[in-house]
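Remarks on the structure that follows.
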Amino acid sequence: MAAAQVIRSEWTKIRSVASTMWTLSLAVVVTVALGILISALSANEFDTMGARNRTAFDPTFISFAGMGLGQLAMIVFGVLVVSNEYSTGMIRTSLAAVPQRGGFLAGKLGVATALALVVSMATSFAAFFLGQAMLGEHKASLGDDGVLRAVLGGGLYMTLIAVFSMGVATMLRSPMLSLGILMPFFFLISNILGNVDATKKIGRFLPDQAGSRIMRVVPPLDDDTPYGPWGGLGIMVLWVIVALAGGYLVLKKRDA
């Protein structure tokens with residue numbers, strides 16, 4: 001099957017499965033709605049903040065407050081895009097039609113990544129503009145130093161979360177097993193490791209902890225993170241590459 005046919009077939013699979021489209025919609029709604037809420041609350045609390053906390057006030061990062069929950073929906077999207085075929089047995093038909101497993105995986109990941117990128121970028125810009133509208137006089141402008149980088153980085157961050165999940169799901173093949181590992185890891189374990197003093201130095205190199213650095217314009221108080229915004233995103237990209245390489249090796253060596 002030619003590359004264009006592989007891409008068309010993967011696009012048909014994605015848009016014909018309601019659950020994958022619902023998860024993308026949920027990622028948008030949760031991220032934007034929670035960002036609006038937290039921005040409104042932060043604007044009301046600004047006057048009661050101490051001088052030290054005001055120096056670390058980051059209106060751009062606040063508008064992305066909903067991304068912590070929105071990324072969970074992107075994880076579900078990434079897992080379902082890959083593992084649905086395994087759970088239904090369709091993977092055997094797909095690999096019979098496209099025996100070149102590298103080409104099959106590239107087609108699937110390419111289509112899903114492009115869709116995730118479009119949705120993530122739209123979500124990031126919507127969360128920023130609506131969040132800034134709630135912040136009133138404390139808002140940031142897209143032309144301020146580092147703000148456009150942070151907004152574009154927010155879209156890249158959500159996209160990389162989805163691609164990382166695709167790589168893990170390709171290795172594990174099971175939607176329940178993949179979600180059973182990824183959801184508690186990103187929702188609970190990573191946050192604990194990244195905020196507890198004993199594990200902080202290790203936790204900051206986990207994919208979400210490192211990648212989310214790209215969305216910050218103002219560094220947090222007493223920040224001693226050994227990398228900058230692009231360095232953090234680079235660490236996240238390395239995690240994604242490892243996950244994709246693992247997925248490819250499993251797909252290549254194991255029977256469907």
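Simple scheme: letters A, B, ... for chains in structure tokens order, numbers from 1 for residues in each chain, numbers from 1 for ligands in the order shown.
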message: Give me, as a ChimeraX atom specification, all polymer residues having an atom no more than 12 Å from Met21 of chain A, counting only C-alpha atoms and skipping those fewer than 4 positions away in the same chain.
response: /A:11,13-17,25-28,73-74,76-78,80-81,112,115-116,119
Distance in Å - atom CA of Leu34 of chain A versus atom CA of Ser63 of chain A: 8.5 Å
- line: Of A:Tyr248, A:Gly194, A:Ala169, A:Ile181, the one nearest to Gly103 of chain A when counting only C-alpha atoms is A:Tyr248
Nearest residue to Ile75 of chain A from the set A:Gly89, A:Gly50, A:Gly167, A:Pro99 (distances using only C-alpha atoms): A:Gly167
- prompt: Which distance in Å separates atom CA of Trp239 of chain A and atom CA of Ala18 of chain A, to one decimal?
  reply: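 These atoms are spaced 28.8 Å apart.
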message: With only C-alpha atoms as the counted atoms, please give the residues lying no more than 12 Å from Asp224 of chain A, apart from itself and same-chain residues fewer than 3 positions off, as a list in words.
response: Lys200, Lys201, Arg204, Pro219, Pro220, Leu221, Tyr227 and Gly228 of chain A
